[in-house]
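These notes are about the structure you will find just below.
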Amino acid sequence: MTPSRLQARILSNREKKKGVFLMELKAPGIARSARPGQFIMVRPPHGSDPLLPRPFSIHDARDGSVSILYRVVGRGTEQLSGLGKGQALAVTGPLGRGFPIRAGNYRPALVAGGMGLAPMPFLAKKLAALGRIPKILYGCRTKGELLGPSTLGAVIATDDGSCGRRGLVTGLLEEELCRAGSCRVFACGPWAMLRQVSLLCQKSQVPCQVSLEARMACGLGACQGCAVRGVHGGYLSVCSDGPVFDSRLIDWEQEPPL
Ligand SMILES: Cc1cc2nc3c(=O)[nH]c(=O)nc-3n(C[C@H](O)[C@H](O)[C@H](O)COP(=O)(O)OP(=O)(O)OC[C@H]3O[C@@H](n4cnc5c(N)ncnc54)[C@H](O)[C@@H]3O)c2cc1C
Ligand code: FES
């Protein structure tokens with residue numbers, strides 16, 4: 001489906017915790033066709049600085065609005081954080097290939113690291129609508145970095161043990177993969193985490209879809225700015241072939257620069 005390009009009015013833009021904002025935008029066309037794992041390109045408002053729009057996962061889509069959950073890391077996100085209700089932003093979406101979700105007799109495990117939690121509420125909602133209640137495994141460095149309202153009933157791991165299990169979220173996944181019954185894994189987070197998730201799933205012969213990040217310019221498959229190496233040679237565009245990929249297609253030894 002052709003993505004919509006529009007001026008979307010901000011319905012709210014609230015700081016959920018220090019440096020992390022939840023922005024809701026009125027965008028009925030995007031909300032109607034959005035699928036979990038897809039993203040939108042948002043153009044920060046100040047003319048040519050920064051010049052390029054910024055990609056954000058669709059955190060939720062309902063009742064004519066889409067929301068994004070974003071961390072302030074640089075100029076673009078800094079500008080977004082200063083905006084308020086009623087202001088308008090240039091938005092394009094929905095873009096990319098989302099998580100392939102289907103009915104069936106399987107146990108979905110959603111694995112998120114840090115801001116990788118952003119696309120998970122929308123995915124969890126759609127899976128639940130198909131009768132597949134997912135288990136969410138969520139990891140971050142410390143309790144202070146946890147996102148979301150009681151983090152969606154997730155099983156939590158923190159590097160320092162300040163909340164949930166001490167250690168990496170991949171430790172929780174190893175246990176999940178040992179349980180009986182067929183499982184499918186959907187993951188989003190930093191490259192190193194996704195690489196390990198991919199390895200564990202391949203060992204257990206469990207299907208695994210990963211959502212990747214890369215620097216983006218056009219967001220439409222035209223500039224090759226977001227290329228990652230495929231395992232069979234050649235490059236894949238994160239924006240148009242992904243951002244969600246079957247984890248077996250990625251050359252995990254070639255991390256793209258951010
Ligand atoms: C498909 C996709 C979905 C994304 N979804 C989300 C989301 O839901 N929430 C969210 O907070 N962010 C998300 N990001 C990352 C987000 O796009 C960047 O954080 C944002 O573009 C930074 O813009 P900036 O102008 O604030 O920072 P810049 O000035 O461009 O960069 C500032 C610093 O952030 C680093 N940086 C830039 N882009 C990224 C990136 N993609 N990942 C990690 N570090 C980066 C730079 O290396 C630099 O050190 C997503 C990225 C992609 C490709
Ligand atoms: S950002 Fe241009 S091809 Fe992906």
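Going by the structure tokens order, chains are called A, B, ..., each with residues numbered from 1, while ligands are numbered from 1 in the order shown.
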Excluding Pro134 of chain A and any residue of its chain fewer than 4 positions from it, enumerate the residues within 8 Å of it, using only C-alpha atoms, and give them as an NGL selection string. :A and (107-110 or 124 or 127-128)
Counting only C-alpha atoms, which residues of segment 172-204 of chain A sit at most 12 Å from some atom of segment 87-100 of chain A, and what is each one's closest atom pair with its distance in Å to one decimal, listed by chain and rising residue number, as a Markdown table?
| residue | atom | partner | partner_atom | distance |
| --- | --- | --- | --- | --- |
| A:Arg184 | CA | A:Pro100 | CA | 10.8 |
| A:Val185 | CA | A:Phe99 | CA | 10.3 |
| A:Phe186 | CA | A:Phe99 | CA | 7.5 |
| A:Ala187 | CA | A:Phe99 | CA | 9.5 |
| A:Cys188 | CA | A:Phe99 | CA | 10.6 |
To check your reading of the model: which residues sit at most 9 Å from ligand 2 when counting only C-alpha atoms and all ligand atoms? Write the answer as a list of chain:residue names.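 So the residues close to ligand 2 are A:Ala214, A:Arg215, A:Met216, A:Ala217, A:Cys218, A:Gly219, A:Leu220, A:Gly221, A:Ala222, A:Cys223, A:Gln224, A:Gly225, A:Cys226, A:Ala227, A:Leu236, A:Ser237, A:Val238, A:Cys239, A:Ser240, A:Asp241.
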Selection file, N, CA and C atoms, as a PDB file, in the first residue's frame:
ATOM      1  N   ALA A 214      18.919   1.300  11.388  1.00  0.00           N
ATOM      2  CA  ALA A 214      20.056   1.788  10.597  1.00  0.00           C
ATOM      3  C   ALA A 214      19.802   3.263  10.358  1.00  0.00           C
ATOM      4  N   ARG A 215      20.857   4.000  10.066  1.00  0.00           N
ATOM      5  CA  ARG A 215      20.697   5.395   9.684  1.00  0.00           C
ATOM      6  C   ARG A 215      19.861   5.475   8.416  1.00  0.00           C
ATOM      7  N   MET A 216      18.864   6.329   8.377  1.00  0.00           N
ATOM      8  CA  MET A 216      18.003   6.407   7.191  1.00  0.00           C
ATOM      9  C   MET A 216      17.978   7.821   6.626  1.00  0.00           C
ATOM     10  N   ALA A 217      17.814   7.902   5.305  1.00  0.00           N
ATOM     11  CA  ALA A 217      17.666   9.212   4.664  1.00  0.00           C
ATOM     12  C   ALA A 217      16.283   9.293   4.005  1.00  0.00           C
ATOM     13  N   CYS A 218      16.055   8.448   2.981  1.00  0.00           N
ATOM     14  CA  CYS A 218      14.780   8.557   2.257  1.00  0.00           C
ATOM     15  C   CYS A 218      13.662   7.742   2.918  1.00  0.00           C
ATOM     16  N   GLY A 219      14.009   6.606   3.511  1.00  0.00           N
ATOM     17  CA  GLY A 219      12.998   5.737   4.127  1.00  0.00           C
ATOM     18  C   GLY A 219      12.171   4.958   3.124  1.00  0.00           C
ATOM     19  N   LEU A 220      12.546   5.033   1.851  1.00  0.00           N
ATOM     20  CA  LEU A 220      11.695   4.469   0.785  1.00  0.00           C
ATOM     21  C   LEU A 220      12.435   3.500  -0.137  1.00  0.00           C
ATOM     22  N   GLY A 221      13.650   3.146   0.204  1.00  0.00           N
ATOM     23  CA  GLY A 221      14.390   2.196  -0.629  1.00  0.00           C
ATOM     24  C   GLY A 221      15.116   2.830  -1.792  1.00  0.00           C
ATOM     25  N   ALA A 222      15.275   4.166  -1.806  1.00  0.00           N
ATOM     26  CA  ALA A 222      15.844   4.835  -2.982  1.00  0.00           C
ATOM     27  C   ALA A 222      17.321   5.199  -2.831  1.00  0.00           C
ATOM     28  N   CYS A 223      17.816   5.435  -1.602  1.00  0.00           N
ATOM     29  CA  CYS A 223      19.154   6.022  -1.466  1.00  0.00           C
ATOM     30  C   CYS A 223      20.237   5.029  -1.048  1.00  0.00           C
ATOM     31  N   GLN A 224      19.870   3.839  -0.620  1.00  0.00           N
ATOM     32  CA  GLN A 224      20.818   2.809  -0.138  1.00  0.00           C
ATOM     33  C   GLN A 224      21.535   3.219   1.151  1.00  0.00           C
ATOM     34  N   GLY A 225      21.026   4.253   1.806  1.00  0.00           N
ATOM     35  CA  GLY A 225      21.691   4.738   3.020  1.00  0.00           C
ATOM     36  C   GLY A 225      21.564   3.792   4.202  1.00  0.00           C
ATOM     37  N   CYS A 226      20.629   2.883   4.143  1.00  0.00           N
ATOM     38  CA  CYS A 226      20.323   2.059   5.322  1.00  0.00           C
ATOM     39  C   CYS A 226      20.693   0.599   5.103  1.00  0.00           C
ATOM     40  N   ALA A 227      21.674   0.347   4.222  1.00  0.00           N
ATOM     41  CA  ALA A 227      21.963  -1.041   3.824  1.00  0.00           C
ATOM     42  C   ALA A 227      22.606  -1.854   4.955  1.00  0.00           C
ATOM     43  N   LEU A 236      20.795  -5.544   1.975  1.00  0.00           N
ATOM     44  CA  LEU A 236      19.348  -5.420   2.166  1.00  0.00           C
ATOM     45  C   LEU A 236      19.080  -4.014   2.688  1.00  0.00           C
ATOM     46  N   SER A 237      18.000  -3.401   2.205  1.00  0.00           N
ATOM     47  CA  SER A 237      17.641  -2.073   2.713  1.00  0.00           C
ATOM     48  C   SER A 237      16.761  -2.230   3.946  1.00  0.00           C
ATOM     49  N   VAL A 238      17.213  -1.645   5.047  1.00  0.00           N
ATOM     50  CA  VAL A 238      16.420  -1.770   6.282  1.00  0.00           C
ATOM     51  C   VAL A 238      15.045  -1.129   6.095  1.00  0.00           C
ATOM     52  N   CYS A 239      14.991  -0.022   5.336  1.00  0.00           N
ATOM     53  CA  CYS A 239      13.713   0.705   5.240  1.00  0.00           C
ATOM     54  C   CYS A 239      12.679   0.009   4.368  1.00  0.00           C
ATOM     55  N   SER A 240      13.115  -0.680   3.303  1.00  0.00           N
ATOM     56  CA  SER A 240      12.116  -1.239   2.383  1.00  0.00           C
ATOM     57  C   SER A 240      12.090  -2.768   2.384  1.00  0.00           C
ATOM     58  N   ASP A 241      13.248  -3.437   2.581  1.00  0.00           N
ATOM     59  CA  ASP A 241      13.226  -4.898   2.737  1.00  0.00           C
ATOM     60  C   ASP A 241      12.846  -5.243   4.175  1.00  0.00           C
TER      61      ASP A 241
END
Check segment 91-160 of chain A with DSSP on the backbone and list each residue it calls strand (DSSP E), as number ranges by chain. A: 91-95, 107-113, 135-140, 155-158
Using only C-alpha atoms and all ligand atoms, what are the residues with an atom within 6 Å of ligand 1, set out as a PyMOL selection string? chain A and resi 39+54-57+68-78+115+118+213-215+243+258
Would you mind exporting the chosen residues as a PDB file, in the first residue's frame, restricted to N, CA, C and O atoms?
ATOM      1  N   PHE A  39       7.108   1.542  10.484  1.00  0.00           N
ATOM      2  CA  PHE A  39       7.573   2.784  11.097  1.00  0.00           C
ATOM      3  C   PHE A  39       7.046   3.988  10.323  1.00  0.00           C
ATOM      4  O   PHE A  39       6.475   3.844   9.226  1.00  0.00           O
ATOM      5  N   ARG A  54      13.239  11.671  10.534  1.00  0.00           N
ATOM      6  CA  ARG A  54      13.752  10.626  11.430  1.00  0.00           C
ATOM      7  C   ARG A  54      12.747   9.477  11.532  1.00  0.00           C
ATOM      8  O   ARG A  54      11.538   9.717  11.619  1.00  0.00           O
ATOM      9  N   PRO A  55      13.250   8.218  11.522  1.00  0.00           N
ATOM     10  CA  PRO A  55      12.349   7.060  11.591  1.00  0.00           C
ATOM     11  C   PRO A  55      11.993   6.676  13.031  1.00  0.00           C
ATOM     12  O   PRO A  55      12.857   6.671  13.901  1.00  0.00           O
ATOM     13  N   PHE A  56      10.717   6.320  13.248  1.00  0.00           N
ATOM     14  CA  PHE A  56      10.273   5.827  14.561  1.00  0.00           C
ATOM     15  C   PHE A  56       9.272   4.692  14.369  1.00  0.00           C
ATOM     16  O   PHE A  56       8.361   4.794  13.535  1.00  0.00           O
ATOM     17  N   SER A  57       9.406   3.655  15.166  1.00  0.00           N
ATOM     18  CA  SER A  57       8.467   2.533  15.135  1.00  0.00           C
ATOM     19  C   SER A  57       7.083   3.007  15.542  1.00  0.00           C
ATOM     20  O   SER A  57       6.947   3.905  16.392  1.00  0.00           O
ATOM     21  N   ILE A  68       4.213   7.326  18.837  1.00  0.00           N
ATOM     22  CA  ILE A  68       5.617   6.893  18.838  1.00  0.00           C
ATOM     23  C   ILE A  68       6.161   7.103  20.247  1.00  0.00           C
ATOM     24  O   ILE A  68       5.739   8.018  20.957  1.00  0.00           O
ATOM     25  N   LEU A  69       7.066   6.212  20.632  1.00  0.00           N
ATOM     26  CA  LEU A  69       7.749   6.325  21.920  1.00  0.00           C
ATOM     27  C   LEU A  69       9.209   6.578  21.577  1.00  0.00           C
ATOM     28  O   LEU A  69       9.833   5.735  20.927  1.00  0.00           O
ATOM     29  N   TYR A  70       9.751   7.732  21.972  1.00  0.00           N
ATOM     30  CA  TYR A  70      11.106   8.045  21.506  1.00  0.00           C
ATOM     31  C   TYR A  70      11.991   8.586  22.610  1.00  0.00           C
ATOM     32  O   TYR A  70      11.531   9.227  23.549  1.00  0.00           O
ATOM     33  N   ARG A  71      13.276   8.276  22.461  1.00  0.00           N
ATOM     34  CA  ARG A  71      14.279   8.787  23.390  1.00  0.00           C
ATOM     35  C   ARG A  71      15.000   9.964  22.739  1.00  0.00           C
ATOM     36  O   ARG A  71      15.313   9.918  21.554  1.00  0.00           O
ATOM     37  N   VAL A  72      15.233  11.001  23.515  1.00  0.00           N
ATOM     38  CA  VAL A  72      15.974  12.165  23.003  1.00  0.00           C
ATOM     39  C   VAL A  72      17.463  11.813  22.965  1.00  0.00           C
ATOM     40  O   VAL A  72      18.068  11.533  24.004  1.00  0.00           O
ATOM     41  N   VAL A  73      18.013  11.772  21.711  1.00  0.00           N
ATOM     42  CA  VAL A  73      19.440  11.441  21.573  1.00  0.00           C
ATOM     43  C   VAL A  73      20.220  12.511  20.819  1.00  0.00           C
ATOM     44  O   VAL A  73      21.441  12.552  20.891  1.00  0.00           O
ATOM     45  N   GLY A  74      19.542  13.370  20.063  1.00  0.00           N
ATOM     46  CA  GLY A  74      20.251  14.369  19.255  1.00  0.00           C
ATOM     47  C   GLY A  74      19.315  15.501  18.861  1.00  0.00           C
ATOM     48  O   GLY A  74      18.243  15.678  19.461  1.00  0.00           O
ATOM     49  N   ARG A  75      19.714  16.228  17.825  1.00  0.00           N
ATOM     50  CA  ARG A  75      18.975  17.450  17.457  1.00  0.00           C
ATOM     51  C   ARG A  75      17.519  17.194  17.080  1.00  0.00           C
ATOM     52  O   ARG A  75      16.612  17.900  17.496  1.00  0.00           O
ATOM     53  N   GLY A  76      17.282  16.172  16.247  1.00  0.00           N
ATOM     54  CA  GLY A  76      15.926  15.922  15.766  1.00  0.00           C
ATOM     55  C   GLY A  76      14.980  15.576  16.905  1.00  0.00           C
ATOM     56  O   GLY A  76      13.898  16.164  17.039  1.00  0.00           O
ATOM     57  N   THR A  77      15.381  14.624  17.723  1.00  0.00           N
ATOM     58  CA  THR A  77      14.508  14.204  18.832  1.00  0.00           C
ATOM     59  C   THR A  77      14.393  15.314  19.886  1.00  0.00           C
ATOM     60  O   THR A  77      13.353  15.463  20.526  1.00  0.00           O
ATOM     61  N   GLU A  78      15.438  16.117  20.037  1.00  0.00           N
ATOM     62  CA  GLU A  78      15.385  17.268  20.956  1.00  0.00           C
ATOM     63  C   GLU A  78      14.284  18.233  20.501  1.00  0.00           C
ATOM     64  O   GLU A  78      13.469  18.709  21.294  1.00  0.00           O
ATOM     65  N   MET A 115      15.099   0.728  24.117  1.00  0.00           N
ATOM     66  CA  MET A 115      14.038   1.362  23.308  1.00  0.00           C
ATOM     67  C   MET A 115      13.394   0.371  22.336  1.00  0.00           C
ATOM     68  O   MET A 115      12.409   0.704  21.680  1.00  0.00           O
ATOM     69  N   ALA A 118       9.628  -0.193  21.989  1.00  0.00           N
ATOM     70  CA  ALA A 118       8.675   0.717  21.323  1.00  0.00           C
ATOM     71  C   ALA A 118       7.631   0.025  20.435  1.00  0.00           C
ATOM     72  O   ALA A 118       6.449   0.342  20.523  1.00  0.00           O
ATOM     73  N   GLU A 213      17.699  -1.529  13.191  1.00  0.00           N
ATOM     74  CA  GLU A 213      17.837  -0.073  13.036  1.00  0.00           C
ATOM     75  C   GLU A 213      19.040   0.237  12.164  1.00  0.00           C
ATOM     76  O   GLU A 213      20.028  -0.492  12.202  1.00  0.00           O
ATOM     77  N   ALA A 214      18.919   1.300  11.388  1.00  0.00           N
ATOM     78  CA  ALA A 214      20.056   1.788  10.597  1.00  0.00           C
ATOM     79  C   ALA A 214      19.802   3.263  10.358  1.00  0.00           C
ATOM     80  O   ALA A 214      18.669   3.727  10.449  1.00  0.00           O
ATOM     81  N   ARG A 215      20.857   4.000  10.066  1.00  0.00           N
ATOM     82  CA  ARG A 215      20.697   5.395   9.684  1.00  0.00           C
ATOM     83  C   ARG A 215      19.861   5.475   8.416  1.00  0.00           C
ATOM     84  O   ARG A 215      20.126   4.734   7.476  1.00  0.00           O
ATOM     85  N   PRO A 243      11.905  -2.887   8.187  1.00  0.00           N
ATOM     86  CA  PRO A 243      12.967  -3.159   9.154  1.00  0.00           C
ATOM     87  C   PRO A 243      12.889  -4.547   9.781  1.00  0.00           C
ATOM     88  O   PRO A 243      13.813  -4.950  10.476  1.00  0.00           O
ATOM     89  N   LEU A 258      25.819   3.479  13.081  1.00  0.00           N
ATOM     90  CA  LEU A 258      24.646   4.301  13.413  1.00  0.00           C
ATOM     91  C   LEU A 258      25.060   5.772  13.552  1.00  0.00           C
ATOM     92  O   LEU A 258      26.180   6.064  13.859  1.00  0.00           O
TER      93      LEU A 258
END
Residues of segment 181-217 of chain A within 12 Å of segment 160-172 of chain A: nearest atom pair and distance (Å, one decimal) for each, counting only C-alpha atoms, sorted by chain and number, as JSON lines?
{"residue": "A:Val185", "atom": "CA", "partner": "A:Thr170", "partner_atom": "CA", "distance": 11.7}
{"residue": "A:Ala187", "atom": "CA", "partner": "A:Thr170", "partner_atom": "CA", "distance": 10.6}
{"residue": "A:Cys188", "atom": "CA", "partner": "A:Val169", "partner_atom": "CA", "distance": 11.5}
{"residue": "A:Gly189", "atom": "CA", "partner": "A:Val169", "partner_atom": "CA", "distance": 10.5}
{"residue": "A:Pro190", "atom": "CA", "partner": "A:Val169", "partner_atom": "CA", "distance": 11.6}
{"residue": "A:Ala192", "atom": "CA", "partner": "A:Thr170", "partner_atom": "CA", "distance": 10.4}
{"residue": "A:Met193", "atom": "CA", "partner": "A:Thr170", "partner_atom": "CA", "distance": 7.2}
{"residue": "A:Leu194", "atom": "CA", "partner": "A:Thr170", "partner_atom": "CA", "distance": 9.0}
{"residue": "A:Arg195", "atom": "CA", "partner": "A:Thr170", "partner_atom": "CA", "distance": 10.1}
{"residue": "A:Gln196", "atom": "CA", "partner": "A:Thr170", "partner_atom": "CA", "distance": 7.0}
{"residue": "A:Val197", "atom": "CA", "partner": "A:Thr170", "partner_atom": "CA", "distance": 6.3}
{"residue": "A:Ser198", "atom": "CA", "partner": "A:Thr170", "partner_atom": "CA", "distance": 10.0}
{"residue": "A:Leu199", "atom": "CA", "partner": "A:Thr170", "partner_atom": "CA", "distance": 10.2}
{"residue": "A:Leu200", "atom": "CA", "partner": "A:Thr170", "partner_atom": "CA", "distance": 8.3}
{"residue": "A:Cys201", "atom": "CA", "partner": "A:Thr170", "partner_atom": "CA", "distance": 10.5}
List the spatial neighbours of Ala31 of chain A as a ChimeraX atom specification - criterion: any atom at most 12 Å away, only C-alpha atoms, same-chain residues fewer than 4 positions off excluded. /A:3-4,8,24-27,35-36,38-40,58-68,92-95,122
Which of A:Val231, A:Glu15, A:Gly242, A:Ser247 sits closest to Gln205 of chain A [using only C-alpha atoms]: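 Ranking A:Val231, A:Glu15, A:Gly242, A:Ser247 by distance to Gln205 of chain A, first place goes to A:Ser247.
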